[in-house]
Amino acid sequence: MKHDDLRQTVLRVLGEIAPEADLERLQPNVAFRQQLDLDSMDFLNFVIALHEATQVEIPERDYWRLASLDGCVEYLAQRLSARQQ
Amino acid sequence: MPKLGADMTVGTVVAWTRQPGEFVRRGDIVAQVDTDKGVIDIEVFATGVLEQILVLPGQTVPVGTPLATIRETGAPEERVPGAWAGPPPAEAGVAPQAPQAPPPPLPPPASAFGAGAVARAGHQPAASMAQPEPPGGMPVSAQGPPAAPARLRISPSARELARALGVDPAAVQGTGRGGAITREDIQRAAAQRAGALGRPRAEEAAAAGQPSAGAPATQQPAPGPSQAGPAQVAPPQLPPPQVAPPQAGPPQAGAPPTAAESPLAAAPMARGVQLPAEERAARMRQSIAAAMSRSKREIPHYYLGTTIDLHRAVTWLAAENERRTVTQRLLYGALLIKATALALRDFPELNGFYMDGRYKPNEAIHVGVAVSLRLGGLIAPALHHTDRLDLSTLMERLRGLVQRVRGGSLRGSELADPTITVTSLGEQGVELVLPVIYPPQVAIVGFGKVVERAWAVEGQVVVRPTITATLAADHRVSDGHRGALFLAAIDRLLQQPESL
């Protein structure tokens, strides 16, 4: 998956979990939690949805890397390319 | 119309998902009802044939109005005039003239089971809203058929009030339907006696302590059955439907559907009767205001708090989640809820309902979990038999519950019967919450966010993840000493996460 596709995937998943959020205004390098009202259950559902969309296994110790849009894209791209090799 | 919250006075049928003549089982979802808390799925509490539908989609009726009848296997056929029961006979008006079909006065013994099914809540005193229907428990007839025809016509709720106030029901003149003695009659009798004895009126009211009394009266525009049990509500005095009439489709009173178009055909488009989001939010605000005002007015809260070391719980959880796939992972919130439920087993004075001036502990432990809605407001539906769920199941149910709350597909039983509430502020909140009890419950447990603190362990200062647990409980039922032991028990359980 290309970076742009990943970005779209992350935004789509985020939109499902926080439908009221204005994702156009989301700052990609700032933590979601500073911009959106997400609780731990939302975040868990976010991770589950990312897993389902990309088939990437995301261990809990990596959660911190999923804090922002840029972080998500970078992490998923890295895991996907590692899997292809 | 079941009472889905202490503050609910009316509800609107949105759709029937089952048709007359269909066989339904206990627990089946048969209808959807719109309330301040969103659209709720309504389950039946009996198994049999859905005989007649009494309230059509789009109609708003007070709590307690029978919605339908179910004929249990073997029961004789019995018809409520004006009800929808399949293809309408020519003479029987399909649509009732009033906003609802007149509820049968008191269930006659023969039909009590049938009428009791969906309508069961109809014969229940308003105050017993939270009286849970323990799965597999209470027979439908619990408050149904009068044992002997010659018996006093008095609702269980009024009878209890009479007992609480020391009034002899036999000496009271009933003003309810068919001369039934209502709660108001009992209160009037008690007040007259109090006047005679010079007993202060206020004390009387306090003794009555009835959850339904006047609670919403000041907040809610609906006059409604705030005092009387629904069984005594006379249809002619009903408020007009509070909810905006359906925009399209569902038949309205006065516009009876022709025989050709079944009123139930409206079901698929019935979502149209839902309120706009702002109106819904305003109504939820109002219902929270009513419940919380009543809580602050009636319940003498006491508060306790303690800080708990979560080191073991968090460490165990991290190791456990390492082994689990993402869909099976646990949140620490599940541990907090389970520890609370297990601790409750030894504290029946915190798990139950204060109704009609006295406390009834509840054997089953149904923890209500406060879930905030994204656009404001909150709902605290129940995780049934919380103490008996293993952590994986509890977590799965919790996820489902949160999703249903936020997606608007809660079940009536989940809303109506939590026996205690847990509120957790989550990771982004603050350290301390002093929660307000949700009547008629008698306790609420709060958890702040997890905070790392300098913590003394065996003479050394170490950094530990900690959480502050609080308890708000009803001083009419329990004291601080027992409350403190309860919080200590939660702490102890969280130190052994593997046995939760």
# chains A, B, ... in the order shown; residues from 1 in each chain; ligands from 1

call {"tool": "select_by_dssp", "arguments": {"residues": "chain A", "states": "helix (DSSP H, G or I)", "output": "ChimeraX atom specification"}}
result
/A:3-17,23-25,32-35,40-54,60-66,69-84

call {"tool": "interface_residues", "arguments": {"of": "chain B", "to": "chain A", "cutoff": "9 Å", "atoms": "only C-alpha atoms", "output": "JSON, numbers by chain"}}
result
{"B": [318, 321, 322, 324, 325, 326, 327, 329, 331, 333, 374, 375, 399, 402, 425, 426, 427, 428]}

call {"tool": "write_last_selection", "arguments": {"atoms": "all heavy atoms", "output": "short mmCIF file (atom, residue, chain, number, x, y, z; two decimals), in the first residue's frame"}}
result
data_model
loop_
_atom_site.label_atom_id
_atom_site.label_comp_id
_atom_site.auth_asym_id
_atom_site.auth_seq_id
_atom_site.Cartn_x
_atom_site.Cartn_y
_atom_site.Cartn_z
N ALA B 318 -0.26 -6.11 30.57
CA ALA B 318 0.64 -5.96 29.43
C ALA B 318 1.09 -7.33 28.95
O ALA B 318 1.11 -7.62 27.75
CB ALA B 318 1.84 -5.10 29.81
N ASN B 321 -1.90 -9.09 27.30
CA ASN B 321 -2.23 -8.54 25.97
C ASN B 321 -1.18 -8.89 24.93
O ASN B 321 -1.47 -8.94 23.73
CB ASN B 321 -2.41 -7.02 26.05
CG ASN B 321 -3.78 -6.65 26.56
OD1 ASN B 321 -4.69 -7.47 26.59
ND2 ASN B 321 -3.94 -5.40 26.98
N GLU B 322 0.04 -9.13 25.39
CA GLU B 322 1.09 -9.55 24.48
C GLU B 322 0.71 -10.87 23.81
O GLU B 322 1.02 -11.12 22.65
CB GLU B 322 2.40 -9.71 25.29
CG GLU B 322 3.64 -9.90 24.47
CD GLU B 322 4.05 -8.61 23.73
OE1 GLU B 322 3.68 -7.51 24.20
OE2 GLU B 322 4.72 -8.72 22.70
N ARG B 324 -2.36 -11.87 23.33
CA ARG B 324 -3.67 -11.81 22.68
C ARG B 324 -3.60 -11.07 21.34
O ARG B 324 -2.83 -10.12 21.21
CB ARG B 324 -4.67 -11.09 23.59
CG ARG B 324 -5.02 -11.89 24.83
CD ARG B 324 -5.85 -11.05 25.78
NE ARG B 324 -6.21 -11.81 26.96
CZ ARG B 324 -7.46 -12.20 27.23
NH1 ARG B 324 -8.45 -11.85 26.45
NH2 ARG B 324 -7.72 -12.92 28.31
N THR B 325 -4.44 -11.49 20.40
CA THR B 325 -4.55 -10.73 19.16
C THR B 325 -5.30 -9.44 19.48
O THR B 325 -5.96 -9.32 20.50
CB THR B 325 -5.33 -11.50 18.08
OG1 THR B 325 -6.65 -11.70 18.57
CG2 THR B 325 -4.68 -12.83 17.79
N VAL B 326 -5.20 -8.50 18.57
CA VAL B 326 -5.70 -7.16 18.85
C VAL B 326 -7.20 -7.17 19.19
O VAL B 326 -7.66 -6.43 20.05
CB VAL B 326 -5.37 -6.19 17.68
CG1 VAL B 326 -6.04 -6.63 16.41
CG2 VAL B 326 -5.76 -4.78 18.04
N THR B 327 -7.96 -8.06 18.56
CA THR B 327 -9.40 -8.06 18.82
C THR B 327 -9.74 -8.64 20.20
O THR B 327 -10.86 -8.48 20.67
CB THR B 327 -10.15 -8.90 17.76
OG1 THR B 327 -9.46 -10.14 17.62
CG2 THR B 327 -10.20 -8.19 16.43
N ARG B 329 -7.77 -8.13 22.97
CA ARG B 329 -7.05 -7.45 24.05
C ARG B 329 -7.97 -6.84 25.09
O ARG B 329 -9.11 -6.46 24.79
CB ARG B 329 -6.15 -6.37 23.47
CG ARG B 329 -4.82 -6.95 23.06
CD ARG B 329 -3.91 -5.94 22.40
NE ARG B 329 -3.09 -6.68 21.46
CZ ARG B 329 -2.56 -6.15 20.37
NH1 ARG B 329 -2.74 -4.88 20.09
NH2 ARG B 329 -1.83 -6.90 19.57
N LEU B 331 -8.77 -3.99 28.12
CA LEU B 331 -8.46 -2.66 28.64
C LEU B 331 -8.47 -2.75 30.16
O LEU B 331 -9.18 -3.57 30.74
CB LEU B 331 -9.53 -1.65 28.20
CG LEU B 331 -9.59 -1.35 26.70
CD1 LEU B 331 -10.78 -0.45 26.40
CD2 LEU B 331 -8.30 -0.68 26.24
N GLY B 333 -9.85 -0.96 32.12
CA GLY B 333 -11.20 -0.69 32.59
C GLY B 333 -11.99 -1.97 32.89
O GLY B 333 -12.80 -2.01 33.82
N ARG B 374 -20.53 10.96 22.16
CA ARG B 374 -19.56 11.86 21.54
C ARG B 374 -20.03 13.31 21.51
O ARG B 374 -19.24 14.22 21.57
CB ARG B 374 -19.24 11.41 20.12
CG ARG B 374 -18.83 9.95 20.03
CD ARG B 374 -18.01 9.72 18.79
NE ARG B 374 -16.75 10.43 18.91
CZ ARG B 374 -15.69 9.91 19.48
NH1 ARG B 374 -15.71 8.71 19.98
NH2 ARG B 374 -14.58 10.62 19.56
N LEU B 375 -21.32 13.49 21.40
CA LEU B 375 -21.80 14.88 21.32
C LEU B 375 -22.47 15.33 22.61
O LEU B 375 -23.40 16.13 22.61
CB LEU B 375 -22.76 15.03 20.13
CG LEU B 375 -22.06 14.82 18.77
CD1 LEU B 375 -23.06 14.77 17.65
CD2 LEU B 375 -21.03 15.91 18.51
N ARG B 399 -17.16 -3.88 25.01
CA ARG B 399 -16.97 -3.29 23.68
C ARG B 399 -18.29 -3.19 22.93
O ARG B 399 -18.61 -2.17 22.32
CB ARG B 399 -16.00 -4.15 22.84
CG ARG B 399 -14.57 -3.70 22.90
CD ARG B 399 -13.74 -4.49 21.92
NE ARG B 399 -14.03 -4.11 20.53
CZ ARG B 399 -13.85 -4.91 19.49
NH1 ARG B 399 -13.39 -6.13 19.66
NH2 ARG B 399 -14.12 -4.48 18.28
N VAL B 402 -20.49 -0.39 24.45
CA VAL B 402 -20.06 0.95 24.07
C VAL B 402 -20.45 1.22 22.62
O VAL B 402 -20.96 2.29 22.27
CB VAL B 402 -18.54 1.13 24.28
CG1 VAL B 402 -18.07 2.47 23.72
CG2 VAL B 402 -18.19 1.03 25.75
N LEU B 425 -13.08 7.74 34.30
CA LEU B 425 -12.81 8.94 33.52
C LEU B 425 -11.90 8.67 32.34
O LEU B 425 -11.76 9.49 31.45
CB LEU B 425 -12.20 10.02 34.39
CG LEU B 425 -13.10 10.56 35.50
CD1 LEU B 425 -12.41 11.71 36.20
CD2 LEU B 425 -14.44 11.00 34.95
N GLY B 426 -11.24 7.50 32.34
CA GLY B 426 -10.37 7.20 31.22
C GLY B 426 -9.04 7.90 31.34
O GLY B 426 -8.77 8.65 32.29
N GLU B 427 -8.21 7.67 30.34
CA GLU B 427 -6.82 8.12 30.43
C GLU B 427 -6.67 9.63 30.28
O GLU B 427 -5.66 10.20 30.64
CB GLU B 427 -6.00 7.40 29.36
CG GLU B 427 -5.80 5.94 29.69
CD GLU B 427 -5.60 5.09 28.45
OE1 GLU B 427 -5.33 5.66 27.39
OE2 GLU B 427 -5.72 3.86 28.57
N GLN B 428 -7.65 10.25 29.67
CA GLN B 428 -7.49 11.67 29.39
C GLN B 428 -8.12 12.56 30.44
O GLN B 428 -8.15 13.77 30.29
CB GLN B 428 -8.13 12.00 28.04
CG GLN B 428 -7.53 11.20 26.92
CD GLN B 428 -7.24 12.05 25.74
OE1 GLN B 428 -6.26 12.78 25.73
NE2 GLN B 428 -8.08 11.99 24.74
#

call {"tool": "residues_around", "arguments": {"residues": "segment 68-84 of chain A", "least_positions_apart": "5", "cutoff": "12 Å", "atoms": "only C-alpha atoms", "output": "short mmCIF file (atom, residue, chain, number, x, y, z; two decimals) with N, CA, C and O atoms, in the first residue's frame"}}
result
data_model
loop_
_atom_site.label_atom_id
_atom_site.label_comp_id
_atom_site.auth_asym_id
_atom_site.auth_seq_id
_atom_site.Cartn_x
_atom_site.Cartn_y
_atom_site.Cartn_z
N MET A 1 0.83 -1.21 0.00
CA MET A 1 0.00 0.00 0.00
C MET A 1 0.87 1.26 0.00
O MET A 1 1.86 1.32 0.71
N LYS A 2 0.51 2.20 -0.82
CA LYS A 2 1.27 3.44 -0.87
C LYS A 2 0.92 4.31 0.33
O LYS A 2 -0.13 4.14 0.95
N HIS A 3 1.78 5.27 0.57
CA HIS A 3 1.55 6.19 1.68
C HIS A 3 0.19 6.87 1.60
O HIS A 3 -0.51 7.00 2.59
N ASP A 4 -0.16 7.30 0.37
CA ASP A 4 -1.42 8.02 0.21
C ASP A 4 -2.61 7.13 0.52
O ASP A 4 -3.58 7.55 1.15
N ASP A 5 -2.50 5.87 0.07
CA ASP A 5 -3.58 4.93 0.35
C ASP A 5 -3.70 4.69 1.86
O ASP A 5 -4.79 4.63 2.40
N LEU A 6 -2.53 4.54 2.47
CA LEU A 6 -2.54 4.32 3.92
C LEU A 6 -3.17 5.51 4.63
O LEU A 6 -3.97 5.34 5.56
N ARG A 7 -2.82 6.69 4.18
CA ARG A 7 -3.36 7.90 4.78
C ARG A 7 -4.90 7.91 4.67
O ARG A 7 -5.60 8.19 5.63
N GLN A 8 -5.37 7.55 3.48
CA GLN A 8 -6.83 7.50 3.28
C GLN A 8 -7.48 6.45 4.19
O GLN A 8 -8.55 6.68 4.75
N THR A 9 -6.79 5.31 4.33
CA THR A 9 -7.32 4.25 5.18
C THR A 9 -7.43 4.73 6.63
O THR A 9 -8.46 4.54 7.29
N VAL A 10 -6.36 5.35 7.11
CA VAL A 10 -6.36 5.83 8.49
C VAL A 10 -7.47 6.86 8.69
O VAL A 10 -8.22 6.80 9.69
N LEU A 11 -7.62 7.75 7.74
CA LEU A 11 -8.64 8.80 7.87
C LEU A 11 -10.06 8.19 7.83
O LEU A 11 -10.95 8.62 8.57
N ARG A 12 -10.24 7.20 7.00
CA ARG A 12 -11.55 6.57 6.90
C ARG A 12 -11.91 5.90 8.26
O ARG A 12 -13.00 6.10 8.80
N VAL A 13 -10.94 5.14 8.79
CA VAL A 13 -11.17 4.46 10.06
C VAL A 13 -11.46 5.48 11.17
O VAL A 13 -12.37 5.32 11.98
N LEU A 14 -10.69 6.55 11.14
CA LEU A 14 -10.87 7.60 12.15
C LEU A 14 -12.26 8.23 12.03
O LEU A 14 -12.93 8.51 13.03
N LEU A 23 -12.02 16.11 9.84
CA LEU A 23 -10.73 15.51 9.51
C LEU A 23 -9.93 16.37 8.52
O LEU A 23 -8.73 16.18 8.38
N ARG A 25 -9.27 19.33 8.96
CA ARG A 25 -8.43 20.21 9.78
C ARG A 25 -7.42 19.46 10.64
O ARG A 25 -6.71 20.08 11.44
N LEU A 26 -7.43 18.14 10.52
CA LEU A 26 -6.55 17.35 11.37
C LEU A 26 -5.09 17.66 11.04
O LEU A 26 -4.68 17.61 9.88
N GLN A 27 -4.32 17.98 12.07
CA GLN A 27 -2.90 18.23 11.84
C GLN A 27 -2.17 16.90 11.87
O GLN A 27 -2.23 16.18 12.88
N PRO A 28 -1.50 16.56 10.78
CA PRO A 28 -0.98 15.19 10.65
C PRO A 28 0.13 14.84 11.64
O PRO A 28 0.34 13.67 11.93
N ASN A 29 0.82 15.85 12.14
CA ASN A 29 1.95 15.54 13.01
C ASN A 29 1.66 15.80 14.49
O ASN A 29 2.54 15.80 15.32
N VAL A 30 0.40 16.04 14.78
CA VAL A 30 0.00 16.27 16.18
C VAL A 30 -0.86 15.09 16.64
O VAL A 30 -1.65 14.55 15.85
N ALA A 31 -0.69 14.69 17.89
CA ALA A 31 -1.39 13.51 18.40
C ALA A 31 -2.90 13.65 18.23
O ALA A 31 -3.47 14.71 18.45
N PHE A 32 -3.53 12.53 17.84
CA PHE A 32 -4.99 12.52 17.70
C PHE A 32 -5.66 13.00 18.98
O PHE A 32 -6.65 13.72 18.97
N ARG A 33 -5.12 12.51 20.07
CA ARG A 33 -5.79 12.76 21.35
C ARG A 33 -5.79 14.23 21.75
O ARG A 33 -6.56 14.63 22.61
N GLN A 34 -4.89 15.00 21.11
CA GLN A 34 -4.93 16.44 21.37
C GLN A 34 -5.94 17.13 20.48
O GLN A 34 -6.24 18.30 20.67
N GLN A 35 -6.41 16.41 19.48
CA GLN A 35 -7.31 17.05 18.52
C GLN A 35 -8.71 16.47 18.53
O GLN A 35 -9.66 17.13 18.15
N LEU A 36 -8.79 15.21 18.93
CA LEU A 36 -10.08 14.53 18.89
C LEU A 36 -10.43 14.01 20.28
O LEU A 36 -9.55 13.80 21.10
N PHE A 43 -9.76 4.12 20.98
CA PHE A 43 -8.43 3.86 20.44
C PHE A 43 -8.28 2.37 20.13
O PHE A 43 -7.71 1.99 19.10
N PHE A 46 -10.00 1.70 17.03
CA PHE A 46 -9.18 2.27 15.95
C PHE A 46 -8.09 1.28 15.54
O PHE A 46 -7.91 0.98 14.36
N VAL A 47 -7.41 0.73 16.54
CA VAL A 47 -6.33 -0.22 16.25
C VAL A 47 -6.89 -1.49 15.59
O VAL A 47 -6.33 -2.01 14.63
N LEU A 50 -7.67 -0.69 12.01
CA LEU A 50 -6.45 -0.61 11.20
C LEU A 50 -5.93 -2.00 10.89
O LEU A 50 -5.50 -2.31 9.77
N HIS A 51 -6.00 -2.86 11.91
CA HIS A 51 -5.55 -4.24 11.73
C HIS A 51 -6.39 -4.93 10.65
O HIS A 51 -5.87 -5.62 9.78
N ALA A 53 -8.05 -3.56 8.26
CA ALA A 53 -7.87 -2.96 6.93
C ALA A 53 -6.53 -3.32 6.31
O ALA A 53 -6.42 -3.40 5.09
N THR A 54 -5.53 -3.52 7.13
CA THR A 54 -4.17 -3.72 6.57
C THR A 54 -3.59 -5.10 6.86
O THR A 54 -2.54 -5.45 6.33
N GLN A 55 -4.25 -5.86 7.75
CA GLN A 55 -3.76 -7.17 8.19
C GLN A 55 -2.44 -7.09 8.94
O GLN A 55 -1.74 -8.09 9.10
N VAL A 56 -2.07 -5.89 9.38
CA VAL A 56 -0.85 -5.75 10.17
C VAL A 56 -1.17 -6.10 11.62
O VAL A 56 -2.15 -5.62 12.18
N GLU A 57 -0.36 -6.99 12.20
CA GLU A 57 -0.49 -7.28 13.63
C GLU A 57 0.14 -6.12 14.40
O GLU A 57 1.30 -5.78 14.17
N ILE A 58 -0.62 -5.51 15.27
CA ILE A 58 -0.11 -4.34 15.98
C ILE A 58 -0.02 -4.65 17.47
O ILE A 58 -1.03 -4.64 18.16
N PRO A 59 1.17 -4.98 17.96
CA PRO A 59 1.28 -5.27 19.39
C PRO A 59 1.07 -4.01 20.24
O PRO A 59 1.29 -2.90 19.76
N ASP A 62 3.52 -1.15 20.57
CA ASP A 62 3.70 -0.22 19.44
C ASP A 62 2.63 0.87 19.38
O ASP A 62 2.66 1.73 18.51
N TYR A 63 1.69 0.81 20.29
CA TYR A 63 0.57 1.77 20.23
C TYR A 63 1.04 3.22 20.15
O TYR A 63 0.44 4.04 19.47
#

call {"tool": "closest_residue", "arguments": {"among": "B:Phe45, B:Val430, B:Phe347, B:Ala334", "to": "Thr393 of chain B", "atoms": "only C-alpha atoms"}}
result
B:Ala334
